[in-house]
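Listing of structure-v3.cif; format and content: mmCIF, C-alpha atoms.
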```
data_run
#
loop_
_atom_site.group_PDB
_atom_site.id
_atom_site.type_symbol
_atom_site.label_atom_id
_atom_site.label_comp_id
_atom_site.auth_asym_id
_atom_site.auth_seq_id
_atom_site.Cartn_x
_atom_site.Cartn_y
_atom_site.Cartn_z
ATOM 1 C CA MET A 11 -96.947 132.857 -63.106
ATOM 2 C CA ALA A 12 -93.902 131.070 -64.549
ATOM 3 C CA LYS A 13 -90.497 132.693 -64.529
ATOM 4 C CA ILE A 14 -88.984 131.386 -67.782
ATOM 5 C CA GLY A 15 -90.914 130.791 -70.991
ATOM 6 C CA PHE A 16 -89.698 129.035 -74.114
ATOM 7 C CA ILE A 17 -91.287 129.742 -77.474
ATOM 8 C CA GLY A 18 -90.140 126.896 -79.680
ATOM 9 C CA MET A 19 -89.094 123.390 -78.703
ATOM 10 C CA GLY A 20 -86.630 122.436 -81.403
ATOM 11 C CA ASN A 21 -83.181 121.036 -80.638
ATOM 12 C CA MET A 22 -81.834 124.250 -79.111
ATOM 13 C CA GLY A 23 -84.930 125.065 -77.091
ATOM 14 C CA ARG A 24 -84.966 121.548 -75.672
ATOM 15 C CA ALA A 25 -81.240 121.658 -74.904
ATOM 16 C CA ILE A 26 -81.523 124.887 -72.935
ATOM 17 C CA LEU A 27 -84.669 123.743 -71.133
ATOM 18 C CA ASN A 28 -83.062 120.450 -70.125
ATOM 19 C CA GLY A 29 -80.030 122.271 -68.783
ATOM 20 C CA ALA A 30 -82.032 124.934 -66.957
ATOM 21 C CA LEU A 31 -84.168 122.290 -65.252
ATOM 22 C CA LYS A 32 -81.031 121.309 -63.333
ATOM 23 C CA VAL A 33 -80.917 124.692 -61.592
ATOM 24 C CA PHE A 34 -84.532 125.930 -61.592
ATOM 25 C CA PRO A 35 -87.632 124.001 -60.414
ATOM 26 C CA LYS A 36 -89.959 122.837 -63.176
ATOM 27 C CA GLU A 37 -92.739 125.055 -61.822
ATOM 28 C CA GLU A 38 -90.783 128.105 -62.982
ATOM 29 C CA PHE A 39 -91.063 127.112 -66.651
ATOM 30 C CA ILE A 40 -93.678 127.227 -69.367
ATOM 31 C CA PHE A 41 -93.318 126.580 -73.090
ATOM 32 C CA SER A 42 -95.150 126.677 -76.376
ATOM 33 C CA ALA A 43 -94.524 124.559 -79.444
ATOM 34 C CA LYS A 44 -95.847 124.356 -82.971
ATOM 35 C CA THR A 45 -97.587 120.976 -82.743
ATOM 36 C CA ALA A 46 -99.753 119.258 -80.159
ATOM 37 C CA GLU A 47 -97.531 116.189 -80.466
ATOM 38 C CA THR A 48 -94.435 118.174 -79.438
ATOM 39 C CA LYS A 49 -96.274 119.793 -76.539
ATOM 40 C CA ALA A 50 -97.408 116.440 -75.201
ATOM 41 C CA LYS A 51 -93.999 114.839 -75.620
ATOM 42 C CA VAL A 52 -92.066 117.634 -73.861
ATOM 43 C CA ARG A 53 -94.662 117.770 -71.083
ATOM 44 C CA GLU A 54 -94.351 114.018 -70.523
ATOM 45 C CA GLN A 55 -90.536 114.047 -70.545
ATOM 46 C CA THR A 56 -89.951 117.155 -68.410
ATOM 47 C CA GLY A 57 -93.085 117.751 -66.371
ATOM 48 C CA VAL A 58 -93.128 121.373 -67.589
ATOM 49 C CA GLU A 59 -96.510 122.964 -68.321
ATOM 50 C CA TYR A 60 -97.231 124.170 -71.843
ATOM 51 C CA ALA A 61 -99.231 127.120 -73.137
ATOM 52 C CA GLU A 62 -101.799 126.771 -75.882
ATOM 53 C CA SER A 63 -100.302 129.654 -77.887
ATOM 54 C CA ASN A 64 -97.135 131.730 -78.174
ATOM 55 C CA ALA A 65 -99.030 134.785 -76.944
ATOM 56 C CA GLU A 66 -100.186 132.928 -73.823
ATOM 57 C CA CYS A 67 -96.658 131.700 -73.165
ATOM 58 C CA ALA A 68 -95.253 135.250 -73.334
ATOM 59 C CA ASN A 69 -98.051 136.565 -71.122
ATOM 60 C CA ARG A 70 -97.374 134.007 -68.389
ATOM 61 C CA CYS A 71 -93.627 134.468 -67.815
ATOM 62 C CA LYS A 72 -90.939 137.068 -67.189
ATOM 63 C CA TYR A 73 -88.102 135.773 -69.385
ATOM 64 C CA VAL A 74 -89.238 134.971 -72.933
ATOM 65 C CA ILE A 75 -86.730 132.789 -74.794
ATOM 66 C CA LEU A 76 -87.323 132.908 -78.544
ATOM 67 C CA ALA A 77 -86.040 129.552 -79.814
ATOM 68 C CA VAL A 78 -87.916 129.427 -83.125
ATOM 69 C CA LYS A 79 -86.673 128.712 -86.625
ATOM 70 C CA PRO A 80 -85.753 131.777 -88.729
ATOM 71 C CA GLN A 81 -88.651 131.310 -91.157
ATOM 72 C CA PHE A 82 -91.164 131.653 -88.292
ATOM 73 C CA TYR A 83 -89.473 134.528 -86.476
ATOM 74 C CA ASP A 84 -91.461 137.476 -87.826
ATOM 75 C CA GLU A 85 -94.739 135.611 -87.356
ATOM 76 C CA VAL A 86 -93.917 134.889 -83.703
ATOM 77 C CA LEU A 87 -92.883 138.487 -83.008
ATOM 78 C CA LYS A 88 -96.277 139.655 -84.244
ATOM 79 C CA GLU A 89 -98.062 137.102 -82.063
ATOM 80 C CA ILE A 90 -96.334 138.119 -78.831
ATOM 81 C CA ARG A 91 -95.792 141.859 -79.338
ATOM 82 C CA TYR A 92 -98.862 143.060 -77.464
ATOM 83 C CA MET A 93 -98.352 140.603 -74.609
ATOM 84 C CA LEU A 94 -94.988 142.075 -73.676
ATOM 85 C CA THR A 95 -94.448 144.755 -71.069
ATOM 86 C CA PRO A 96 -91.309 146.659 -69.995
ATOM 87 C CA GLU A 97 -91.046 144.122 -67.148
ATOM 88 C CA HIS A 98 -90.409 141.283 -69.596
ATOM 89 C CA VAL A 99 -86.917 140.279 -70.697
ATOM 90 C CA VAL A 100 -86.926 138.938 -74.266
ATOM 91 C CA ILE A 101 -84.044 136.578 -75.038
ATOM 92 C CA SER A 102 -83.445 136.150 -78.765
ATOM 93 C CA LEU A 103 -81.434 133.248 -80.196
ATOM 94 C CA ALA A 104 -81.669 134.492 -83.794
ATOM 95 C CA PRO A 105 -78.361 135.213 -85.580
ATOM 96 C CA GLY A 106 -78.181 138.501 -87.453
ATOM 97 C CA ARG A 107 -81.123 140.121 -85.631
ATOM 98 C CA SER A 108 -79.854 143.188 -83.794
ATOM 99 C CA ILE A 109 -81.300 144.588 -80.588
ATOM 100 C CA ASP A 110 -82.392 147.682 -82.514
ATOM 101 C CA GLN A 111 -84.243 145.540 -85.068
ATOM 102 C CA LEU A 112 -86.000 143.598 -82.334
ATOM 103 C CA LYS A 113 -86.987 146.792 -80.514
ATOM 104 C CA LEU A 114 -88.413 148.064 -83.798
ATOM 105 C CA ASN A 115 -90.614 144.945 -83.970
ATOM 106 C CA LEU A 116 -91.508 144.706 -80.283
ATOM 107 C CA GLY A 117 -91.331 148.295 -79.025
ATOM 108 C CA VAL A 118 -88.459 150.569 -78.038
ATOM 109 C CA ASP A 119 -89.298 150.179 -74.340
ATOM 110 C CA LYS A 120 -88.806 146.412 -74.452
ATOM 111 C CA ARG A 121 -85.712 144.868 -72.901
ATOM 112 C CA ILE A 122 -83.903 142.627 -75.357
ATOM 113 C CA VAL A 123 -81.045 140.193 -74.793
ATOM 114 C CA ARG A 124 -79.229 138.662 -77.755
ATOM 115 C CA VAL A 125 -77.872 135.180 -77.227
ATOM 116 C CA MET A 126 -75.850 132.871 -79.466
ATOM 117 C CA PRO A 127 -75.550 129.299 -78.129
ATOM 118 C CA ASN A 128 -74.211 126.317 -80.056
ATOM 119 C CA THR A 129 -75.283 122.713 -80.515
ATOM 120 C CA PRO A 130 -72.955 121.149 -77.891
ATOM 121 C CA ALA A 131 -75.420 122.676 -75.415
ATOM 122 C CA MET A 132 -77.413 119.504 -76.114
ATOM 123 C CA ILE A 133 -74.910 117.557 -73.982
ATOM 124 C CA GLY A 134 -74.142 120.331 -71.501
ATOM 125 C CA GLU A 135 -70.960 121.451 -73.282
ATOM 126 C CA GLY A 136 -72.265 124.531 -75.079
ATOM 127 C CA MET A 137 -70.658 127.930 -75.498
ATOM 128 C CA THR A 138 -73.035 130.899 -75.342
ATOM 129 C CA GLY A 139 -72.405 134.553 -76.088
ATOM 130 C CA VAL A 140 -74.784 137.024 -74.429
ATOM 131 C CA SER A 141 -75.271 140.702 -75.246
ATOM 132 C CA VAL A 142 -77.459 143.230 -73.426
ATOM 133 C CA ARG A 143 -77.604 147.018 -73.331
ATOM 134 C CA ASP A 144 -75.892 148.635 -70.335
ATOM 135 C CA GLY A 145 -78.309 149.436 -67.541
ATOM 136 C CA GLU A 146 -81.280 147.515 -68.953
ATOM 137 C CA LEU A 147 -81.063 144.550 -66.585
ATOM 138 C CA SER A 148 -80.744 144.383 -62.831
ATOM 139 C CA ALA A 149 -77.956 142.380 -61.210
ATOM 140 C CA GLU A 150 -80.499 139.671 -60.332
ATOM 141 C CA GLU A 151 -81.759 139.459 -63.923
ATOM 142 C CA THR A 152 -78.212 139.271 -65.269
ATOM 143 C CA ASP A 153 -77.490 136.466 -62.813
ATOM 144 C CA ASP A 154 -80.638 134.592 -63.884
ATOM 145 C CA ILE A 155 -79.569 134.728 -67.526
ATOM 146 C CA ARG A 156 -76.074 133.526 -66.691
ATOM 147 C CA ARG A 157 -77.543 130.641 -64.656
ATOM 148 C CA ILE A 158 -79.831 129.627 -67.529
ATOM 149 C CA PHE A 159 -77.029 129.357 -70.055
ATOM 150 C CA ASP A 160 -74.286 128.156 -67.711
ATOM 151 C CA SER A 161 -76.563 125.200 -67.073
ATOM 152 C CA CYS A 162 -75.768 123.862 -70.552
ATOM 153 C CA GLY A 163 -72.109 124.912 -70.845
ATOM 154 C CA ARG A 164 -70.187 128.186 -70.573
ATOM 155 C CA THR A 165 -71.411 131.772 -70.911
ATOM 156 C CA GLU A 166 -69.628 135.000 -71.816
ATOM 157 C CA PHE A 167 -71.199 138.477 -71.858
ATOM 158 C CA ILE A 168 -69.918 140.554 -74.781
ATOM 159 C CA GLY A 169 -70.686 143.743 -76.676
ATOM 160 C CA GLU A 170 -73.324 143.411 -79.378
ATOM 161 C CA ARG A 171 -70.884 144.407 -82.116
ATOM 162 C CA LEU A 172 -69.102 141.090 -81.461
ATOM 163 C CA MET A 173 -72.159 138.835 -81.779
ATOM 164 C CA ASP A 174 -71.460 137.948 -85.408
ATOM 165 C CA ALA A 175 -67.909 137.043 -84.377
ATOM 166 C CA VAL A 176 -69.411 134.654 -81.814
ATOM 167 C CA VAL A 177 -71.121 132.817 -84.677
ATOM 168 C CA CYS A 178 -67.678 132.395 -86.272
ATOM 169 C CA ALA A 179 -65.891 131.334 -83.084
ATOM 170 C CA SER A 180 -68.474 128.988 -81.596
ATOM 171 C CA GLY A 181 -71.866 129.117 -83.320
ATOM 172 C CA SER A 182 -70.914 127.569 -86.660
ATOM 173 C CA SER A 183 -67.486 126.196 -85.770
ATOM 174 C CA PRO A 184 -68.658 122.847 -84.318
ATOM 175 C CA ALA A 185 -69.402 121.832 -87.913
ATOM 176 C CA PHE A 186 -65.802 122.679 -88.869
ATOM 177 C CA VAL A 187 -64.501 120.671 -85.904
ATOM 178 C CA TYR A 188 -66.603 117.669 -86.922
ATOM 179 C CA MET A 189 -65.045 117.864 -90.374
ATOM 180 C CA PHE A 190 -61.582 117.949 -88.791
ATOM 181 C CA ILE A 191 -62.398 114.917 -86.614
ATOM 182 C CA GLU A 192 -63.682 113.084 -89.682
ATOM 183 C CA ALA A 193 -60.484 113.896 -91.570
ATOM 184 C CA LEU A 194 -58.303 112.739 -88.675
ATOM 185 C CA ALA A 195 -60.275 109.498 -88.525
ATOM 186 C CA ASP A 196 -59.910 109.037 -92.287
ATOM 187 C CA SER A 197 -56.151 109.328 -91.894
ATOM 188 C CA ALA A 198 -56.139 106.529 -89.311
ATOM 189 C CA VAL A 199 -58.465 104.357 -91.422
ATOM 190 C CA ARG A 200 -56.077 104.877 -94.340
ATOM 191 C CA TYR A 201 -53.384 103.090 -92.362
ATOM 192 C CA GLY A 202 -55.546 100.220 -91.133
ATOM 193 C CA MET A 203 -57.482 101.359 -88.044
ATOM 194 C CA PRO A 204 -61.179 100.371 -87.935
ATOM 195 C CA ARG A 205 -63.342 103.448 -88.531
ATOM 196 C CA LYS A 206 -65.317 103.228 -85.302
ATOM 197 C CA GLN A 207 -62.109 103.126 -83.296
ATOM 198 C CA ALA A 208 -60.587 105.901 -85.389
ATOM 199 C CA TYR A 209 -63.463 108.242 -84.472
ATOM 200 C CA VAL A 210 -62.860 107.557 -80.767
ATOM 201 C CA PHE A 211 -59.154 108.350 -81.023
ATOM 202 C CA ALA A 212 -59.708 111.488 -83.102
ATOM 203 C CA ALA A 213 -62.635 112.859 -81.080
ATOM 204 C CA GLN A 214 -60.920 112.294 -77.734
ATOM 205 C CA ALA A 215 -57.759 113.982 -79.030
ATOM 206 C CA VAL A 216 -59.774 117.071 -80.001
ATOM 207 C CA ARG A 217 -61.662 117.028 -76.708
ATOM 208 C CA GLY A 218 -58.450 116.703 -74.710
ATOM 209 C CA ALA A 219 -56.686 119.441 -76.651
ATOM 210 C CA ALA A 220 -59.608 121.821 -76.148
ATOM 211 C CA SER A 221 -59.655 121.057 -72.418
ATOM 212 C CA MET A 222 -55.931 121.826 -72.226
ATOM 213 C CA VAL A 223 -56.552 125.303 -73.659
ATOM 214 C CA LEU A 224 -59.411 126.037 -71.260
ATOM 215 C CA GLU A 225 -57.922 124.518 -68.124
ATOM 216 C CA THR A 226 -54.281 125.606 -68.413
ATOM 217 C CA GLY A 227 -54.909 129.076 -69.821
ATOM 218 C CA GLU A 228 -51.836 128.655 -72.007
ATOM 219 C CA HIS A 229 -51.708 130.052 -75.525
ATOM 220 C CA PRO A 230 -52.683 127.423 -78.122
ATOM 221 C CA GLY A 231 -49.393 128.085 -79.909
ATOM 222 C CA GLU A 232 -47.419 127.259 -76.769
ATOM 223 C CA LEU A 233 -49.354 124.031 -76.306
ATOM 224 C CA LYS A 234 -48.740 123.151 -79.940
ATOM 225 C CA ASP A 235 -44.998 123.758 -79.505
ATOM 226 C CA LYS A 236 -44.923 121.354 -76.549
ATOM 227 C CA VAL A 237 -46.136 118.545 -78.807
ATOM 228 C CA CYS A 238 -43.613 119.319 -81.536
ATOM 229 C CA SER A 239 -40.300 117.630 -80.698
ATOM 230 C CA PRO A 240 -37.292 118.799 -82.764
ATOM 231 C CA ALA A 241 -37.099 116.804 -86.002
ATOM 232 C CA GLY A 242 -40.047 114.732 -84.797
ATOM 233 C CA THR A 243 -43.228 113.432 -86.372
ATOM 234 C CA THR A 244 -45.587 116.198 -85.222
ATOM 235 C CA ILE A 245 -43.613 119.094 -86.680
ATOM 236 C CA GLU A 246 -43.709 117.324 -90.043
ATOM 237 C CA GLY A 247 -47.487 117.216 -89.835
ATOM 238 C CA VAL A 248 -47.638 120.859 -88.754
ATOM 239 C CA ALA A 249 -45.497 121.824 -91.747
ATOM 240 C CA ALA A 250 -47.880 119.966 -94.057
ATOM 241 C CA LEU A 251 -50.896 121.746 -92.532
ATOM 242 C CA GLU A 252 -49.206 125.113 -92.990
ATOM 243 C CA ALA A 253 -48.332 124.274 -96.592
ATOM 244 C CA GLY A 254 -51.945 123.263 -97.172
ATOM 245 C CA GLY A 255 -53.220 126.584 -95.878
ATOM 246 C CA LEU A 256 -55.084 125.358 -92.787
ATOM 247 C CA ARG A 257 -55.113 128.741 -91.061
ATOM 248 C CA GLY A 258 -56.087 130.619 -94.199
ATOM 249 C CA THR A 259 -58.875 128.148 -94.962
ATOM 250 C CA VAL A 260 -60.308 128.487 -91.448
ATOM 251 C CA LEU A 261 -60.178 132.276 -91.749
ATOM 252 C CA ALA A 262 -61.942 132.079 -95.109
ATOM 253 C CA ALA A 263 -64.665 129.857 -93.633
ATOM 254 C CA SER A 264 -65.177 132.322 -90.784
ATOM 255 C CA GLU A 265 -65.356 135.200 -93.248
ATOM 256 C CA ALA A 266 -68.110 133.384 -95.158
ATOM 257 C CA VAL A 267 -70.030 132.859 -91.908
ATOM 258 C CA TYR A 268 -69.596 136.514 -90.893
ATOM 259 C CA LYS A 269 -70.788 137.808 -94.266
ATOM 260 C CA LYS A 270 -73.864 135.592 -94.098
ATOM 261 C CA CYS A 271 -74.674 136.934 -90.628
ATOM 262 C CA THR A 272 -74.564 140.521 -91.848
ATOM 263 C CA GLN A 273 -76.899 139.681 -94.757
ATOM 264 C CA ILE A 274 -79.677 138.151 -92.626
#
```
Before we go any further, please render this structure as structure tokens.
Amino acid sequence: MAKIGFIGMGNMGRAILNGALKVFPKEEFIFSAKTAETKAKVREQTGVEYAESNAECANRCKYVILAVKPQFYDEVLKEIRYMLTPEHVVISLAPGRSIDQLKLNLGVDKRIVRVMPNTPAMIGEGMTGVSVRDGELSAEETDDIRRIFDSCGRTEFIGERLMDAVVCASGSSPAFVYMFIEALADSAVRYGMPRKQAYVFAAQAVRGAASMVLETGEHPGELKDKVCSPAGTTIEGVAALEAGGLRGTVLAASEAVYKKCTQI
């Protein structure tokens, strides 16, 4: 019997599987996918065995990672419901689906973990929020889940009430950061830098700044102040960003994301 099963082999399922293969042997995995072509391709690339159906996949593992697209979610829950036992741990990647809702679909005795990763997991730089009810998992099971998601980035356990905030902070925000990088590159192109080079400068600046926050533990405002020399160039740019409403615009974008989460 496999230990970890993946239902769905889209971008996120593949990213997590590829990361987890670095810390668990391939024999501990099984997966299911929608098409025979995807099954064959993933099997060839990873050496991981596949199941012929979602129900079989759930039946043959302990941890069931639901990595399916939203439009197929209810269909998959119906397919696996009667294969699950209280010994299973169901790991849901779906935004807006509460633990209570999932227990309603799968049974109140089922153990559910809500997880919100983000797309940088595809290169091992993801940020994942994890929520589980107190007392439902053993210390070993909690450690397994942390190992799975640490394998493709960083993991933080949080209360379920904060899961929609995770979507704002890290789930959707890579798209906002890409827009910021694109804008920074545009500004360099405007003054003569070739676009390809401009993307390298802008992306590395964002990467380096983010690493400074994580590695130094300093407040982002303090780090910003260290770049702003009195009467210098940077403070002029900061003033322009403040006048343009950068903070308010980011807050508005996050509010739109949060509202959408609560409507799903």
What's around range 77-82 of chain A at 12 Å? Count all atoms listed in the file, leave out sequence neighbours fewer than 6 positions away in its own chain, and write the answer as an MDAnalysis selection string.
chainID A and resid 15:27 41:44 64 88:89 100:107 124:127 274
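Within the 12 Å cut-off around Gly136 in chain A, using only C-alpha atoms and omitting residues fewer than 4 positions from it on the same chain, the listed residues are Met22, Ala25, Ile26, Gly29, Met126, Pro127, Asn128, Thr129, Pro130, Ala131, Met132, Ile158, Phe159, Asp160, Ser161, Cys162, Gly163, Arg164, Thr165, Glu166, Ser180, Gly181, Ser183 and Pro184 of chain A.
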Just how far from CA of Asp110 in chain A is CA of Arg143 in chain A, in Å to one decimal?
10.4 Å
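With CA of Lys234 in chain A on one side and CA of Cys178 in chain A on the other, the separation reads 22.0 Å.
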Picked residues, the PyMOL selection byres ((chain A and resi 91) around 10), expected as a ChimeraX atom specification
/A:65,68,86-90,92-95,115-117,120
Rounded to one decimal place, report the CA of Ile109 in chain A-CA of Ile122 in chain A distance in Å.
6.2 Å
Please write as a VMD selection string the full residue list that the PyMOL selection byres ((chain A and resi 61) around 7) yields on this file.
chain A and resid 40 to 42 59 to 60 62 to 63 66 to 67
Please write as a ChimeraX atom specification the full residue list that the PyMOL selection byres ((chain A and resi 121) around 8) yields on this file.
/A:96-100,113,119-120,122-123,146-147
Kindly export the residues of the current selection with C-alpha atoms, as a short mmCIF file (atom, residue, chain, number, x, y, z; two decimals), in the coordinates of the input.
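For reference, selection07.cif as written:
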```cif
data_model
loop_
_atom_site.label_atom_id
_atom_site.label_comp_id
_atom_site.auth_asym_id
_atom_site.auth_seq_id
_atom_site.Cartn_x
_atom_site.Cartn_y
_atom_site.Cartn_z
CA PRO A 96 -91.31 146.66 -70.00
CA GLU A 97 -91.05 144.12 -67.15
CA HIS A 98 -90.41 141.28 -69.60
CA VAL A 99 -86.92 140.28 -70.70
CA VAL A 100 -86.93 138.94 -74.27
CA LYS A 113 -86.99 146.79 -80.51
CA ASP A 119 -89.30 150.18 -74.34
CA LYS A 120 -88.81 146.41 -74.45
CA ILE A 122 -83.90 142.63 -75.36
CA VAL A 123 -81.04 140.19 -74.79
CA GLU A 146 -81.28 147.51 -68.95
CA LEU A 147 -81.06 144.55 -66.58
#
```
Which residues, written as number ranges by chain, have at least one atom at most 9 Å from Val267 in chain A, with all atoms listed in the file counted and residues fewer than 5 positions away on the same chain left out?
A: 174-175, 177-178, 182, 262, 272
List the spatial neighbours of Glu37 in chain A as a ChimeraX atom specification - criterion: any atom at most 10 Å away, all atoms listed in the file, same-chain residues fewer than 6 positions off excluded.
/A:11-14,31,57-59
Report as a ChimeraX atom specification all protein, DNA and RNA residues lying within 12 Å of Phe190 in chain A, evaluated on only C-alpha atoms, omitting residues in the same chain fewer than 6 positions from it.
/A:183-184,196-197,209,212-213,215-216,251,256,260
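Checking A:Val74, A:Val248, A:Ile191, A:Val33 one by one against Arg217 in chain A, counting all atoms listed in the file, you find the shortest gap at A:Ile191.
Minimum distance to Ser141 in chain A across A:Leu172, A:Leu112, A:Ala30, A:Met189 (counting all atoms listed in the file) occurs at A:Leu172.
If you measure from each of A:Tyr83, A:Ala219, A:Gln214, A:Phe34 to Gly231 in chain A using only C-alpha atoms, the closest one turns out to be A:Ala219.
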